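K.L.:
Next comes coords36.cif, mmCIF, C-alpha atoms:
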```
data_entry
#
loop_
_atom_site.label_atom_id
_atom_site.label_comp_id
_atom_site.auth_asym_id
_atom_site.auth_seq_id
_atom_site.Cartn_x
_atom_site.Cartn_y
_atom_site.Cartn_z
CA MET N 26 130.18 -108.12 -2.15
CA ASN N 27 133.80 -107.74 -1.17
CA LEU N 28 136.10 -108.27 1.79
CA THR N 29 137.51 -104.73 1.74
CA ASP N 30 134.20 -103.40 3.08
CA GLN N 31 133.74 -104.25 6.75
CA ASN N 32 129.98 -104.37 6.28
CA TYR N 33 130.58 -107.55 4.29
CA ALA N 34 133.85 -108.77 5.81
CA GLN N 35 132.34 -109.09 9.29
CA TYR N 36 130.40 -112.16 8.16
CA LYS N 37 131.91 -115.64 8.07
CA LEU N 38 129.48 -116.46 5.27
CA VAL N 39 130.99 -113.82 3.01
CA GLN N 40 134.52 -114.86 3.95
CA GLU N 41 133.74 -118.48 3.10
CA MET N 42 132.08 -117.56 -0.18
CA MET N 43 135.21 -115.67 -1.13
CA ASP N 44 137.32 -118.65 -0.01
CA THR N 45 135.72 -120.48 -2.94
CA ILE N 46 138.15 -118.68 -5.25
CA ASP N 47 141.11 -120.48 -3.66
CA VAL N 48 139.15 -123.74 -3.46
CA VAL N 49 138.71 -123.71 -7.23
CA LYS N 50 142.28 -122.55 -7.85
CA GLY N 51 143.73 -125.26 -5.65
CA PHE N 52 141.52 -128.12 -6.79
CA ASP N 53 143.46 -131.13 -8.05
CA PRO N 54 141.41 -133.31 -10.44
CA GLY N 55 144.03 -136.02 -10.04
CA LYS N 56 142.84 -136.80 -6.51
CA THR N 57 139.92 -138.80 -7.94
CA LYS N 58 141.91 -140.68 -10.57
CA ASN N 59 141.99 -143.99 -8.68
CA ILE N 60 138.41 -143.91 -7.43
CA ALA N 61 137.24 -142.95 -10.94
CA GLN N 62 138.62 -146.18 -12.37
CA LYS N 63 136.91 -148.17 -9.64
CA ILE N 64 133.59 -146.48 -10.35
CA LYS N 65 134.05 -146.96 -14.09
CA THR N 66 134.43 -150.68 -13.49
CA ILE N 67 131.35 -150.85 -11.27
CA GLY N 68 129.36 -148.75 -13.74
CA LYS N 69 126.81 -147.44 -11.22
CA LEU N 70 127.16 -144.64 -8.69
CA LEU N 71 124.70 -143.24 -6.17
CA MET N 72 125.61 -139.89 -4.62
CA THR N 73 123.68 -139.31 -1.43
CA GLY N 74 123.66 -136.80 1.39
CA GLU N 75 121.33 -134.19 2.82
CA GLY N 76 120.74 -130.63 1.65
CA SER N 77 123.65 -128.75 0.13
CA SER N 78 125.96 -131.76 0.27
CA ARG N 79 123.81 -133.43 -2.36
CA ILE N 80 121.76 -130.96 -4.41
CA PHE N 81 124.35 -129.24 -6.61
CA PRO N 82 127.27 -131.69 -6.33
CA ALA N 83 125.23 -134.73 -7.37
CA LYS N 84 122.85 -133.15 -9.86
CA ASN N 85 125.60 -131.28 -11.66
CA ALA N 86 127.44 -134.58 -12.15
CA ILE N 87 124.29 -136.32 -13.38
CA ARG N 88 123.57 -133.62 -15.95
CA LYS N 89 127.15 -133.68 -17.20
CA CYS N 90 127.16 -137.48 -17.43
CA MET N 91 123.94 -137.50 -19.47
CA LYS N 92 125.08 -134.62 -21.66
CA TRP N 93 128.43 -136.23 -22.43
CA GLY N 94 126.86 -139.64 -23.10
CA LEU N 95 129.03 -141.59 -20.67
CA ASP N 96 128.38 -145.29 -20.22
CA LEU N 97 127.77 -144.80 -16.53
CA GLN N 98 124.62 -144.80 -14.41
CA LEU N 99 124.54 -141.92 -11.94
CA ALA N 100 121.74 -141.36 -9.45
CA THR N 101 120.95 -139.34 -6.35
CA ASP N 102 118.38 -139.29 -3.58
CA GLY N 103 118.30 -138.51 0.10
CA SER N 104 119.71 -141.12 2.45
CA ARG N 105 116.39 -142.33 3.87
CA GLN N 106 114.94 -142.93 0.43
CA SER N 107 118.19 -144.43 -0.80
CA ALA N 108 118.09 -146.89 2.09
CA GLN N 109 115.00 -148.43 0.48
CA TYR N 110 116.87 -149.25 -2.74
CA ASP N 111 118.78 -152.34 -3.77
CA LEU N 112 122.26 -150.83 -3.91
CA SER N 113 124.17 -154.10 -4.08
CA LYS N 114 125.47 -153.27 -7.56
CA PHE N 115 126.16 -149.58 -6.85
CA ALA N 116 129.12 -147.68 -5.57
CA VAL N 117 127.76 -145.20 -3.03
CA PHE N 118 129.24 -141.85 -2.05
CA CYS N 119 127.94 -140.66 1.31
CA ALA N 120 128.51 -136.92 1.61
CA SER N 121 128.39 -135.12 4.95
CA ASN N 122 130.63 -132.19 5.80
CA SER N 123 130.36 -132.89 9.51
CA GLY N 124 130.60 -136.65 9.09
CA ARG N 125 127.85 -136.85 11.70
CA THR N 126 124.64 -136.46 9.68
CA LYS N 127 122.31 -139.14 11.07
CA GLU N 128 120.57 -140.18 7.85
CA VAL N 129 123.85 -140.56 5.98
CA VAL N 130 125.59 -142.48 8.78
CA LEU N 131 122.69 -144.92 9.09
CA LEU N 132 122.72 -145.59 5.34
CA ALA N 133 126.46 -146.30 5.40
CA LYS N 134 125.97 -148.68 8.32
CA LYS N 135 123.15 -150.43 6.46
CA LEU N 136 125.34 -150.88 3.37
CA ALA N 137 128.10 -152.29 5.57
CA ALA N 138 125.71 -154.81 7.11
CA GLU N 139 124.61 -155.83 3.62
CA GLY N 140 128.20 -156.42 2.53
CA ASN N 141 128.51 -153.55 0.04
CA ASP N 142 132.19 -152.67 0.21
CA ASN N 143 131.89 -149.84 -2.33
CA ARG N 144 130.76 -147.24 0.17
CA PHE N 145 132.74 -144.03 0.27
CA CYS N 146 132.74 -141.01 2.55
CA LEU N 147 133.10 -137.41 1.34
CA SER N 148 133.52 -135.02 4.26
CA ALA N 149 135.16 -131.83 5.45
CA ASN N 150 136.41 -133.63 8.56
CA ALA N 151 138.58 -136.65 9.21
CA GLY N 152 138.05 -139.27 11.92
CA THR N 153 134.25 -139.09 11.92
CA ILE N 154 131.49 -141.61 12.62
CA LEU N 155 130.71 -141.67 8.91
CA GLU N 156 134.32 -142.47 8.08
CA GLU N 157 134.17 -145.45 10.43
CA ALA N 158 131.13 -146.77 8.53
CA CYS N 159 132.73 -146.42 5.07
CA THR N 160 135.54 -148.30 3.33
CA GLU N 161 137.35 -145.19 2.07
CA THR N 162 137.18 -141.51 2.95
CA PHE N 163 137.97 -138.40 0.96
CA VAL N 164 138.45 -135.22 2.99
CA LEU N 165 137.77 -131.86 1.39
CA ASN N 166 140.57 -129.30 1.40
CA CYS N 167 138.24 -126.35 2.06
CA GLY N 168 138.02 -127.02 5.78
CA TRP N 169 135.11 -126.74 8.17
CA GLU N 170 132.72 -123.83 7.56
CA GLN N 171 131.61 -121.62 10.44
CA ALA N 172 128.56 -120.05 8.81
CA VAL N 173 125.40 -122.18 8.89
CA ALA N 174 124.91 -121.96 5.13
CA ALA N 175 127.35 -124.23 3.26
CA THR N 176 129.16 -122.52 0.38
CA LYS N 177 132.77 -123.31 -0.49
CA SER N 178 132.27 -126.97 0.44
CA VAL N 179 129.43 -127.23 -2.09
CA VAL N 180 131.73 -126.14 -4.90
CA GLU N 181 134.53 -128.49 -3.87
CA GLN N 182 132.13 -131.43 -3.57
CA ALA N 183 130.78 -130.67 -7.05
CA LEU N 184 134.29 -130.44 -8.51
CA PHE N 185 135.15 -133.72 -6.79
CA TYR N 186 132.25 -135.60 -8.39
CA GLU N 187 132.74 -133.94 -11.77
CA SER N 188 136.44 -134.75 -11.73
CA ILE N 189 135.51 -138.42 -11.43
CA LEU N 190 133.84 -138.04 -14.82
CA TRP N 191 136.86 -136.18 -16.20
CA ASN N 192 139.15 -139.00 -15.13
CA ILE N 193 136.86 -141.63 -16.58
CA MET N 194 137.08 -139.77 -19.89
CA GLY N 195 140.85 -139.39 -19.51
CA GLU N 196 140.73 -135.60 -19.42
CA ASP N 197 142.99 -133.40 -17.29
CA ASN N 198 140.98 -130.28 -16.53
CA LYS N 199 143.41 -128.62 -14.10
CA LYS N 200 143.91 -125.79 -16.60
CA ALA N 201 140.13 -125.37 -16.84
CA CYS N 202 139.92 -125.04 -13.05
CA ASP N 203 142.63 -122.40 -13.12
CA GLU N 204 140.67 -120.45 -15.75
CA LEU N 205 137.47 -120.88 -13.75
CA THR N 206 139.07 -119.17 -10.75
CA ALA N 207 138.92 -115.65 -12.22
CA MET N 208 135.33 -116.17 -13.40
CA VAL N 209 134.21 -117.29 -9.95
CA GLU N 210 135.87 -114.22 -8.43
CA GLN N 211 134.11 -111.96 -10.93
CA ALA N 212 130.74 -113.55 -10.19
CA LEU N 213 131.24 -113.14 -6.45
CA THR N 214 132.33 -109.50 -6.58
CA MET N 215 130.38 -108.06 -9.50
CA LYS N 216 128.03 -105.15 -8.82
CA ILE N 217 124.37 -106.15 -8.61
CA ASP N 218 121.83 -103.60 -9.82
CA GLU N 219 120.21 -102.06 -6.73
CA LYS N 220 116.79 -102.14 -8.42
CA ILE N 221 117.06 -105.93 -8.69
CA THR N 222 118.24 -106.28 -5.11
CA GLN N 223 115.49 -104.03 -3.77
CA ALA N 224 112.77 -105.80 -5.77
CA ALA N 225 113.92 -109.15 -4.40
CA ALA N 226 114.14 -107.79 -0.86
CA ASN N 227 110.53 -106.62 -1.13
CA ALA N 228 109.24 -109.80 -2.77
CA PRO N 229 106.93 -112.09 -0.75
CA THR N 230 108.49 -115.07 -2.56
CA ILE N 231 111.70 -115.43 -4.55
CA TYR N 232 111.62 -118.12 -7.23
CA PHE N 233 114.52 -119.73 -9.04
CA ALA N 234 113.93 -121.42 -12.38
CA GLY N 235 116.34 -123.35 -14.52
CA TYR N 236 117.98 -126.66 -15.31
CA ASN N 237 117.71 -129.60 -12.95
CA ASP N 238 121.46 -129.49 -12.33
CA GLY N 239 121.27 -128.27 -8.75
CA VAL N 240 122.16 -124.61 -9.30
CA ALA N 241 118.68 -123.06 -9.10
CA GLU N 242 117.61 -125.59 -6.48
CA GLU N 243 120.63 -124.89 -4.28
CA LEU N 244 120.04 -121.14 -4.58
CA THR N 245 116.46 -121.74 -3.48
CA LEU N 246 117.74 -123.35 -0.29
CA LYS N 247 120.29 -120.58 0.23
CA THR N 248 117.51 -118.01 -0.14
CA ASN N 249 115.85 -119.48 2.94
CA GLU N 250 119.08 -119.62 4.94
CA ILE N 251 120.56 -116.27 3.90
CA THR N 252 117.59 -113.95 3.29
CA ARG N 253 114.97 -115.73 5.49
CA LYS N 254 112.52 -115.37 2.62
CA LYS N 255 110.16 -117.93 1.15
CA SER N 256 111.46 -119.43 -2.07
CA ASP N 257 110.70 -122.16 -4.55
CA PHE N 258 112.62 -124.06 -7.23
CA LEU N 259 110.84 -124.20 -10.58
CA GLU N 260 112.50 -126.85 -12.72
CA GLY N 261 112.44 -126.34 -16.48
CA THR N 262 109.12 -124.77 -17.54
CA TYR N 263 107.38 -125.46 -14.22
CA ALA N 264 107.18 -121.68 -13.82
CA VAL N 265 104.66 -121.45 -16.66
CA HIS N 266 102.69 -124.63 -16.06
CA GLY N 267 100.28 -123.80 -13.28
CA ILE N 268 102.16 -122.11 -10.46
CA GLU N 269 101.46 -118.73 -12.07
CA GLU N 270 97.96 -119.13 -10.62
CA VAL N 271 99.28 -118.38 -7.13
CA MET N 272 102.15 -116.02 -7.97
CA ASP N 273 102.03 -112.42 -6.84
CA ALA N 274 102.97 -109.39 -8.96
CA ASP N 275 105.49 -108.46 -6.26
CA ASP N 276 107.27 -111.81 -6.49
CA VAL N 277 110.59 -112.13 -8.33
CA VAL N 278 111.71 -114.99 -10.56
CA PHE N 279 115.42 -115.52 -11.21
CA VAL N 280 115.95 -117.64 -14.32
CA VAL N 281 119.37 -119.27 -14.33
CA ASP N 282 120.82 -119.75 -17.82
CA PRO N 283 117.45 -119.45 -19.60
CA ILE N 284 116.83 -121.72 -22.57
CA ASP N 285 116.28 -119.50 -25.59
CA GLU N 286 113.24 -121.45 -26.81
CA GLU N 287 111.50 -120.91 -23.46
CA ILE N 288 112.04 -117.17 -23.09
CA GLU N 289 108.97 -116.11 -25.05
CA LYS N 290 106.71 -118.26 -22.88
CA PHE N 291 108.21 -116.81 -19.70
CA GLN N 292 107.57 -113.31 -21.02
CA GLU N 293 103.99 -114.13 -21.94
CA VAL N 294 102.99 -115.93 -18.74
CA LEU N 295 105.08 -114.26 -16.04
CA VAL N 296 105.86 -110.73 -17.23
CA LYS N 297 102.67 -109.98 -19.14
CA GLY N 298 100.34 -112.40 -17.36
CA VAL N 299 101.32 -112.20 -13.69
CA GLY N 300 103.08 -108.85 -13.99
CA LEU N 301 106.05 -109.88 -11.89
CA LYS N 302 109.74 -109.19 -12.36
CA VAL N 303 111.87 -111.79 -14.13
CA VAL N 304 115.64 -111.53 -13.81
CA ALA N 305 118.02 -113.68 -15.84
CA ILE N 306 121.40 -114.87 -14.62
CA ALA N 307 123.12 -115.51 -17.93
CA ASP N 308 126.35 -115.25 -19.90
CA ARG N 309 124.55 -113.35 -22.67
CA ASP N 310 121.99 -110.60 -23.08
CA THR N 311 118.31 -111.55 -22.64
CA PRO N 312 114.99 -109.67 -22.91
CA PHE N 313 114.82 -109.68 -19.10
CA ASP N 314 116.84 -107.66 -16.61
CA THR N 315 120.07 -109.62 -16.84
CA ILE N 316 122.87 -110.25 -14.39
CA LYS N 317 125.58 -111.04 -16.90
CA ILE N 318 128.39 -113.40 -15.98
CA PRO N 319 131.50 -114.44 -17.93
CA ALA N 320 131.05 -117.39 -20.29
CA ALA N 321 132.60 -120.48 -18.70
CA GLY N 322 131.45 -123.21 -21.06
CA GLU N 323 130.94 -126.58 -19.37
CA LEU N 324 131.97 -125.11 -16.02
CA ALA N 325 129.35 -122.35 -16.18
CA PRO N 326 127.17 -123.86 -13.39
CA TYR N 327 129.84 -122.96 -10.83
CA VAL N 328 129.83 -119.36 -11.99
CA TYR N 329 126.02 -119.20 -11.96
CA LEU N 330 126.00 -120.53 -8.41
CA CYS N 331 128.52 -117.93 -7.21
CA ALA N 332 126.60 -115.12 -8.92
CA GLY N 333 123.50 -116.32 -7.10
CA TRP N 334 125.32 -116.20 -3.78
CA ASN N 335 126.36 -112.64 -4.53
CA ILE N 336 122.74 -111.68 -5.18
CA LEU N 337 121.52 -113.31 -1.97
CA VAL N 338 124.16 -111.58 0.15
CA GLU N 339 123.11 -108.23 -1.30
CA ILE N 340 119.47 -109.00 -0.49
CA GLY N 341 120.47 -109.95 3.04
CA MET N 342 122.39 -106.71 3.44
CA VAL N 343 119.35 -104.69 2.34
CA LEU N 344 117.22 -106.58 4.86
CA LYS N 345 119.91 -106.03 7.58
CA ILE N 346 120.07 -109.73 8.45
CA ASN N 347 122.81 -111.49 10.40
CA LEU N 348 124.04 -113.60 7.50
CA ASP N 349 125.86 -116.08 9.73
CA LYS N 350 123.08 -117.04 12.12
CA PRO N 351 119.62 -118.09 10.95
CA GLU N 352 117.18 -118.25 13.84
CA ARG N 353 116.19 -121.89 13.34
CA ALA N 354 118.45 -123.57 10.79
CA ARG N 355 121.36 -125.58 12.20
CA LYS N 356 124.80 -126.39 10.87
CA VAL N 357 124.23 -130.13 11.27
CA GLY N 358 120.56 -130.66 10.46
CA ASN N 359 120.15 -134.04 12.18
CA GLU N 360 123.20 -135.19 14.07
CA PHE N 361 123.92 -138.87 14.73
CA MET N 362 124.17 -139.28 18.49
CA GLY N 363 124.47 -143.07 18.71
#
```
Please express the file's structure as structure tokens.

P.N.:
Amino acid sequence: MNLTDQNYAQYKLVQEMMDTIDVVKGFDPGKTKNIAQKIKTIGKLLMTGEGSSRIFPAKNAIRKCMKWGLDLQLATDGSRQSAQYDLSKFAVFCASNSGRTKEVVLLAKKLAAEGNDNRFCLSANAGTILEEACTETFVLNCGWEQAVAATKSVVEQALFYESILWNIMGEDNKKACDELTAMVEQALTMKIDEKITQAAANAPTIYFAGYNDGVAEELTLKTNEITRKKSDFLEGTYAVHGIEEVMDADDVVFVVDPIDEEIEKFQEVLVKGVGLKVVAIADRDTPFDTIKIPAAGELAPYVYLCAGWNILVEIGMVLKINLDKPERARKVGNEFMG
């Protein structure tokens, strides 16, 4: 996709996806330096929100924290479920771009009533109901999105949470963000093989498999919003542990950053067994049809996510869908009206 072609440029969704380039370029990891030290002292952080405000931002941070072996407990769940937990010893980030998401606002109010002063708001807007219920607010620089499907805000939220970890470790990754900018642009604008796009457009169901770091799961949600197609997230090897029984040969499975040791099983069960098309999104060659992205090291999840957006836009274009306006999905899923 690109903004020089009016077929793409007419959509706010595409414009906002492309805005992600400047979001990454302009991100300042230093903005979380103070809150990082507070969270380090507390030692426990719950990142909550609904939908895209939680899936990739929180799960990417959790994977990184576990992978890097930090002495920090990170967790995530939706706001209703989180409201059932004893969070008295946790710092809690409540993420809502609108600052009006009902479930998130009610959780923040509950924490306030319980005397938990470590409740923080992460939003694209200032002066919201959620801000009133929290002790400190951090406003994203990306601004309010006009398309229903959240995009650039997802990346900034993820960078925000990950930068907390960077600051806890004493690392300044501003240079890494600058280097990531060109890779994100490449992922967003790279040419997608028309055979892959057409196969996905014709598929009854589009599956995304991969790590439980929010990338494949977020792309599953975006598939619903952008292409209006049924989709499912298959964590790890879930794709070869039973669901193949109900898969169709016309379905497509996108495997994000496939684990080398699992490739043979995917070939055996999905390609040979079910007879469906498997497409890898990877920074290296694979035995599958591969959408190859630049190698970004620890920041690769952001590039994988942007490549996935690119694919979904191309599918939507083939299907001649209004990318900005799903028929049922709303910008604020459940707005607090109290």

K.L.:
Give one line per residue of stretch 183-216 of chain N that approaches stretch 77-89 of chain N to at most 7 Å, naming the two atoms of the closest pair and their distance in Å to one decimal, counting only C-alpha atoms; sort by chain then ascending residue number and deliver it as CSV.

P.N.:
```
residue,atom,partner,partner_atom,distance
N:Ala183,CA,N:Pro82,CA,3.7
N:Tyr186,CA,N:Ala86,CA,6.2
N:Glu187,CA,N:Ala86,CA,5.4
```

K.L.:
Using the chain letters and numbers from this file, what does the PyMOL selection byres ((chain N and resi 257-263) around 7) select? Give the answer as a PyMOL selection string.

P.N.:
chain N and resi 231-237+241-242+245+256+264-266

K.L.:
Mind writing the picked residues with C-alpha atoms as a PDB file, keeping the file's coordinate frame?

P.N.:
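Generated output (selection-v4.pdb):
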```
ATOM      1  CA  ILE N 231     111.700-115.430  -4.550  1.00  0.00           C
ATOM      2  CA  TYR N 232     111.620-118.120  -7.230  1.00  0.00           C
ATOM      3  CA  PHE N 233     114.520-119.730  -9.040  1.00  0.00           C
ATOM      4  CA  ALA N 234     113.930-121.420 -12.380  1.00  0.00           C
ATOM      5  CA  GLY N 235     116.340-123.350 -14.520  1.00  0.00           C
ATOM      6  CA  TYR N 236     117.980-126.660 -15.310  1.00  0.00           C
ATOM      7  CA  ASN N 237     117.710-129.600 -12.950  1.00  0.00           C
ATOM      8  CA  ALA N 241     118.680-123.060  -9.100  1.00  0.00           C
ATOM      9  CA  GLU N 242     117.610-125.590  -6.480  1.00  0.00           C
ATOM     10  CA  THR N 245     116.460-121.740  -3.480  1.00  0.00           C
ATOM     11  CA  SER N 256     111.460-119.430  -2.070  1.00  0.00           C
ATOM     12  CA  ALA N 264     107.180-121.680 -13.820  1.00  0.00           C
ATOM     13  CA  VAL N 265     104.660-121.450 -16.660  1.00  0.00           C
ATOM     14  CA  HIS N 266     102.690-124.630 -16.060  1.00  0.00           C
TER      15      HIS N 266
END
```

K.L.:
Could you tell me which residues the PyMOL selection byres ((chain N and resi 128) around 10) grabs in this file, written as a list in words?

P.N.:
Thr73, Gly74, Glu75, Gly103, Ser104, Arg105, Gln106, Ser107, Ala108, Cys119, Ser121, Arg125, Thr126, Lys127, Val129, Val130, Leu131, Leu132, Ala133, Gly358, Asn359, Glu360 and Phe361 of chain N

K.L.:
Any chance you could export the current selection's C-alpha atoms as a PDB file, in the coordinates of the input?

P.N.:
```
ATOM      1  CA  THR N  73     123.680-139.310  -1.430  1.00  0.00           C
ATOM      2  CA  GLY N  74     123.660-136.800   1.390  1.00  0.00           C
ATOM      3  CA  GLU N  75     121.330-134.190   2.820  1.00  0.00           C
ATOM      4  CA  GLY N 103     118.300-138.510   0.100  1.00  0.00           C
ATOM      5  CA  SER N 104     119.710-141.120   2.450  1.00  0.00           C
ATOM      6  CA  ARG N 105     116.390-142.330   3.870  1.00  0.00           C
ATOM      7  CA  GLN N 106     114.940-142.930   0.430  1.00  0.00           C
ATOM      8  CA  SER N 107     118.190-144.430  -0.800  1.00  0.00           C
ATOM      9  CA  ALA N 108     118.090-146.890   2.090  1.00  0.00           C
ATOM     10  CA  CYS N 119     127.940-140.660   1.310  1.00  0.00           C
ATOM     11  CA  SER N 121     128.390-135.120   4.950  1.00  0.00           C
ATOM     12  CA  ARG N 125     127.850-136.850  11.700  1.00  0.00           C
ATOM     13  CA  THR N 126     124.640-136.460   9.680  1.00  0.00           C
ATOM     14  CA  LYS N 127     122.310-139.140  11.070  1.00  0.00           C
ATOM     15  CA  VAL N 129     123.850-140.560   5.980  1.00  0.00           C
ATOM     16  CA  VAL N 130     125.590-142.480   8.780  1.00  0.00           C
ATOM     17  CA  LEU N 131     122.690-144.920   9.090  1.00  0.00           C
ATOM     18  CA  LEU N 132     122.720-145.590   5.340  1.00  0.00           C
ATOM     19  CA  ALA N 133     126.460-146.300   5.400  1.00  0.00           C
ATOM     20  CA  GLY N 358     120.560-130.660  10.460  1.00  0.00           C
ATOM     21  CA  ASN N 359     120.150-134.040  12.180  1.00  0.00           C
ATOM     22  CA  GLU N 360     123.200-135.190  14.070  1.00  0.00           C
ATOM     23  CA  PHE N 361     123.920-138.870  14.730  1.00  0.00           C
TER      24      PHE N 361
END
```

K.L.:
Quick one: of N:Lys199, N:Lys350, N:Arg309, N:Lys290, who's nearest to N:Thr252, counting all atoms listed in the file?

P.N.:
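Looking only at the distances to N:Thr252, the closest residue turns out to be N:Lys350.
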
K.L.:
Run the PyMOL selection byres ((chain N and resi 39-54) around 6) on the file and write out the hits as an MDAnalysis selection string.

P.N.:
chainID N and resid 36:38 55:56 176:177 188 203 206 210

K.L.:
Could you state the separation of atom CA of N:Gln98 and atom CA of N:Asn192 in Å, given to one decimal place?

P.N.:
15.7 Å

K.L.:
For N:Val173, which of N:Pro351, N:Pro229, N:Gly195, N:Pro326 is the closest residue, counting all atoms listed in the file?

P.N.:
N:Pro351

K.L.:
Do a neighbour search on N:Leu324 at 9 Å with only C-alpha atoms, toss out local chain neighbours closer than 3 positions, and write the hits as a list in words.

P.N.:
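With the cut-off at 9 Å, the set is Ala201, Cys202, Leu205, Ala320, Ala321, Tyr327 and Val328 of chain N.
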
K.L.:
Keeping only C-alpha atoms, take the residues you just selected and write them out as a short mmCIF file (atom, residue, chain, number, x, y, z; two decimals), in the coordinates of the input.

P.N.:
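Dumped everything to out.cif:
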```cif
data_model
loop_
_atom_site.label_atom_id
_atom_site.label_comp_id
_atom_site.auth_asym_id
_atom_site.auth_seq_id
_atom_site.Cartn_x
_atom_site.Cartn_y
_atom_site.Cartn_z
CA ALA N 201 140.13 -125.37 -16.84
CA CYS N 202 139.92 -125.04 -13.05
CA LEU N 205 137.47 -120.88 -13.75
CA ALA N 320 131.05 -117.39 -20.29
CA ALA N 321 132.60 -120.48 -18.70
CA TYR N 327 129.84 -122.96 -10.83
CA VAL N 328 129.83 -119.36 -11.99
#
```

K.L.:
Might you pull out every residue within 10 Å of N:Ala151, with only C-alpha atoms counted and same-chain residues fewer than 6 positions away left off, and present them as a short mmCIF file (atom, residue, chain, number, x, y, z; two decimals) with C-alpha atoms, in the coordinates of the input?

P.N.:
```cif
data_model
loop_
_atom_site.label_atom_id
_atom_site.label_comp_id
_atom_site.auth_asym_id
_atom_site.auth_seq_id
_atom_site.Cartn_x
_atom_site.Cartn_y
_atom_site.Cartn_z
CA ASN N 122 130.63 -132.19 5.80
CA SER N 123 130.36 -132.89 9.51
CA GLY N 124 130.60 -136.65 9.09
CA GLU N 157 134.17 -145.45 10.43
CA THR N 162 137.18 -141.51 2.95
CA PHE N 163 137.97 -138.40 0.96
CA VAL N 164 138.45 -135.22 2.99
CA LEU N 165 137.77 -131.86 1.39
#
```

K.L.:
Between atom CA of N:Val240 and atom CA of N:Lys297, what distance in Å does the model show, to one decimal?

P.N.:
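We find that atom CA of N:Val240 and atom CA of N:Lys297 lie 26.3 Å from each other.
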